[in-house]
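**Q** I'd like to ask you about the structure that follows.
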Amino acid sequence: MSNTPTIPPGNTPPMPPFWRNEDDWLVVIEFLRRDDDEDRARGTEAIGYMFAFAQMTDTRMLALVGDPEADAYELLFSFSSSANKAEFLRLLQSNDETRCEDDLILVPRQDEIKAAQPIARVLPADVMRQITVIATMLYSDNSDTVQYSRIPLHIGRAV
């Protein structure tokens, strides 16, 4: 009997996530409080903007649960170029919903990068629905501009 893992027919062998080898990362912490609808809506909107900014700048966006008791999520961003990173940071700081102090934009540890997952696997389903709508409204192939008006969110029901 061999120690070589057996791959079921029709499946591909498991591979480690390819983003582990990327080397230019930032992390931002966002709170999605379950006990405060207004704060959750603000956090959801901010993540929606960040998701749109990531799409606009060819930036990978992943997530981790930071502190489950505090409803904190770590949003990790990996950049394909220094120009895209600069543009992402410019967009981040140009928006009232996403602007944050430079000391709150951190570099994730390697173990955080290794544990990170696509945002849809980490963020709550209701939040994912809403950030997808926000990002879709902000980012489209027909527009090179970003809208900065507040987007109404309906917490607790599908948009």
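The way I read the labels, and the way they are meant: chains A, B, ... in the order of the structure tokens, residue 1 as the first residue of every chain, and ligand 1 as the first ligand shown, with later ones counted on from there.
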Could you pull the residues within 12 Å of A:Pro124, counting only C-alpha atoms, minus those fewer than 3 positions along the same chain, as an MDAnalysis selection string?

**A** chainID A and resid 31:34 40 44 63:65 68 71:73 119:121 127:131 155:156

**Q** Could those selected residues go to a file with C-alpha atoms, as a PDB file, in the first residue's frame?

**A**
```pdb
ATOM      1  CA  PHE A  31     -16.643  45.677  11.990  1.00  0.00           C
ATOM      2  CA  LEU A  32     -20.041  44.209  11.075  1.00  0.00           C
ATOM      3  CA  ARG A  33     -21.817  44.382  14.419  1.00  0.00           C
ATOM      4  CA  ARG A  34     -24.864  42.165  14.680  1.00  0.00           C
ATOM      5  CA  ARG A  40     -23.458  47.123  10.328  1.00  0.00           C
ATOM      6  CA  THR A  44     -21.244  46.838   4.777  1.00  0.00           C
ATOM      7  CA  ALA A  63     -10.909  38.014   4.244  1.00  0.00           C
ATOM      8  CA  LEU A  64     -10.531  36.450   7.672  1.00  0.00           C
ATOM      9  CA  VAL A  65     -12.675  36.552  10.764  1.00  0.00           C
ATOM     10  CA  PRO A  68     -15.784  36.755  16.210  1.00  0.00           C
ATOM     11  CA  ASP A  71     -17.798  40.977  14.737  1.00  0.00           C
ATOM     12  CA  ALA A  72     -14.427  42.083  13.333  1.00  0.00           C
ATOM     13  CA  TYR A  73     -13.238  41.047   9.887  1.00  0.00           C
ATOM     14  CA  ILE A 119     -14.629  37.080   0.839  1.00  0.00           C
ATOM     15  CA  ALA A 120     -17.753  35.075  -0.029  1.00  0.00           C
ATOM     16  CA  ARG A 121     -16.520  32.244   2.211  1.00  0.00           C
ATOM     17  CA  VAL A 127     -23.444  41.333   3.721  1.00  0.00           C
ATOM     18  CA  MET A 128     -22.146  39.612   0.584  1.00  0.00           C
ATOM     19  CA  ARG A 129     -25.420  40.290  -1.235  1.00  0.00           C
ATOM     20  CA  GLN A 130     -25.259  43.950  -0.341  1.00  0.00           C
ATOM     21  CA  ILE A 131     -21.576  44.533  -1.087  1.00  0.00           C
ATOM     22  CA  ILE A 155     -30.292  45.309   6.407  1.00  0.00           C
ATOM     23  CA  GLY A 156     -32.119  42.043   6.926  1.00  0.00           C
TER      24      GLY A 156
END
```

**Q** Looking only at strand (DSSP E) from DSSP on the backbone, list the matching residues of stretch 17-150 of chain A as JSON, numbers by chain.

**A** {"A": [25, 26, 27, 28, 29, 30, 31, 59, 60, 61, 62, 63, 64, 65, 66, 67, 72, 73, 74, 75, 76, 77, 78, 79, 117, 118]}

**Q** Excluding same-chain residues fewer than 3 positions from stretch 74-86 of chain A, what lies within 8 Å of it counting only C-alpha atoms, as a PyMOL selection string?

**A** chain A and resi 22-30+54+57-66+89-90+108+113+116

**Q** Go ahead and write the selection's residues with N, CA and C atoms as a CSV table (one decimal), in the first residue's frame.

**A**
```csv
chain,number,residue,atom,x,y,z
A,22,GLU,N,2.2,35.8,-3.3
A,22,GLU,CA,2.2,37.2,-3.7
A,22,GLU,C,2.8,38.0,-2.5
A,23,ASP,N,3.5,39.1,-2.8
A,23,ASP,CA,4.3,39.7,-1.8
A,23,ASP,C,3.9,41.2,-1.4
A,24,ASP,N,2.9,41.7,-2.0
A,24,ASP,CA,2.5,43.1,-1.7
A,24,ASP,C,1.1,43.1,-1.1
A,25,TRP,N,1.0,43.1,0.2
A,25,TRP,CA,-0.3,43.0,0.9
A,25,TRP,C,-0.6,44.1,1.9
A,26,LEU,N,-1.8,44.4,2.0
A,26,LEU,CA,-2.3,45.3,3.1
A,26,LEU,C,-3.5,44.7,3.7
A,27,VAL,N,-3.8,45.1,5.0
A,27,VAL,CA,-5.0,44.6,5.7
A,27,VAL,C,-5.7,45.8,6.3
A,28,VAL,N,-7.0,45.7,6.2
A,28,VAL,CA,-7.9,46.7,6.9
A,28,VAL,C,-8.9,46.0,7.7
A,29,ILE,N,-9.2,46.4,8.9
A,29,ILE,CA,-10.1,45.8,9.8
A,29,ILE,C,-11.5,46.5,9.7
A,30,GLU,N,-12.5,45.7,9.5
A,30,GLU,CA,-13.9,46.3,9.4
A,30,GLU,C,-14.8,45.6,10.4
A,54,ALA,N,-11.2,47.4,-5.3
A,54,ALA,CA,-10.3,46.3,-5.6
A,54,ALA,C,-10.5,45.9,-7.1
A,57,THR,N,-8.9,48.3,-9.6
A,57,THR,CA,-7.4,48.4,-9.6
A,57,THR,C,-6.7,47.0,-9.7
A,58,ASP,N,-7.5,46.0,-10.2
A,58,ASP,CA,-6.9,44.7,-10.3
A,58,ASP,C,-6.2,44.2,-9.1
A,59,THR,N,-7.0,44.3,-8.0
A,59,THR,CA,-6.5,44.0,-6.6
A,59,THR,C,-7.2,42.8,-6.1
A,60,ARG,N,-6.5,41.8,-5.6
A,60,ARG,CA,-7.1,40.6,-5.0
A,60,ARG,C,-7.6,41.0,-3.6
A,61,MET,N,-8.9,40.6,-3.2
A,61,MET,CA,-9.4,40.9,-1.9
A,61,MET,C,-9.8,39.6,-1.3
A,62,LEU,N,-9.3,39.3,-0.1
A,62,LEU,CA,-9.6,38.2,0.7
A,62,LEU,C,-10.0,38.6,2.1
A,63,ALA,N,-10.4,37.6,2.9
A,63,ALA,CA,-10.9,38.0,4.2
A,63,ALA,C,-10.6,36.9,5.3
A,64,LEU,N,-10.6,37.3,6.5
A,64,LEU,CA,-10.5,36.4,7.7
A,64,LEU,C,-11.5,37.0,8.7
A,65,VAL,N,-12.0,36.1,9.6
A,65,VAL,CA,-12.7,36.6,10.8
A,65,VAL,C,-11.6,37.0,11.7
A,66,GLY,N,-11.6,38.3,12.1
A,66,GLY,CA,-10.6,38.8,13.0
A,66,GLY,C,-10.9,38.4,14.5
A,89,LEU,N,-5.2,52.9,-2.8
A,89,LEU,CA,-5.0,53.7,-1.6
A,89,LEU,C,-5.6,55.1,-1.8
A,90,ARG,N,-5.4,55.6,-3.0
A,90,ARG,CA,-6.0,56.9,-3.3
A,90,ARG,C,-7.5,56.9,-3.3
A,108,PRO,N,-0.4,42.4,6.7
A,108,PRO,CA,-0.7,41.1,7.3
A,108,PRO,C,0.5,40.2,7.5
A,113,ILE,N,-2.1,35.6,5.8
A,113,ILE,CA,-2.2,35.4,4.3
A,113,ILE,C,-2.5,34.0,4.0
A,116,ALA,N,-6.2,33.2,4.8
A,116,ALA,CA,-7.2,34.1,4.2
A,116,ALA,C,-8.0,33.3,3.1
```

**Q** What does the distance from atom CA of A:Glu101 to atom CA of A:Thr136 come to in Å, to one decimal?

**A**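 About the pair atom CA of A:Glu101 and atom CA of A:Thr136: they are 26.4 Å apart.
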
**Q** For A:Ala135, please output as a ChimeraX atom specification all residues within 7 Å (counting only C-alpha atoms; exclusion window: fewer than 3 positions along the same chain).

**A** /A:48-49,51-52,131-132,138-139

**Q** Keeping N, CA and C atoms for every residue in the selection just given, could you write it to a file as a short mmCIF file (atom, residue, chain, number, x, y, z; two decimals), in the first residue's frame?

**A**
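Result file part.cif:
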```
data_model
loop_
_atom_site.label_atom_id
_atom_site.label_comp_id
_atom_site.auth_asym_id
_atom_site.auth_seq_id
_atom_site.Cartn_x
_atom_site.Cartn_y
_atom_site.Cartn_z
N GLY A 48 -18.33 47.29 0.56
CA GLY A 48 -18.79 47.37 -0.83
C GLY A 48 -17.92 48.30 -1.65
N TYR A 49 -17.59 49.46 -1.09
CA TYR A 49 -16.69 50.38 -1.78
C TYR A 49 -15.32 49.76 -1.96
N PHE A 51 -14.53 46.64 -2.15
CA PHE A 51 -14.63 45.59 -3.16
C PHE A 51 -14.62 46.20 -4.56
N ALA A 52 -15.35 47.29 -4.75
CA ALA A 52 -15.36 47.98 -6.04
C ALA A 52 -13.97 48.54 -6.36
N ILE A 131 -22.82 43.98 -0.54
CA ILE A 131 -21.58 44.53 -1.09
C ILE A 131 -21.47 44.25 -2.58
N THR A 132 -22.03 43.14 -3.03
CA THR A 132 -22.04 42.86 -4.46
C THR A 132 -22.86 43.90 -5.21
N LEU A 138 -21.01 50.73 -8.43
CA LEU A 138 -19.86 51.62 -8.53
C LEU A 138 -18.94 51.28 -9.70
N TYR A 139 -18.86 50.01 -10.01
CA TYR A 139 -17.91 49.56 -11.02
C TYR A 139 -18.66 48.96 -12.21
#
```

**Q** What's the separation between atom CA of A:Ala70 and atom CA of A:Ala125, in Å to one decimal place?

**A** 17.9 Å
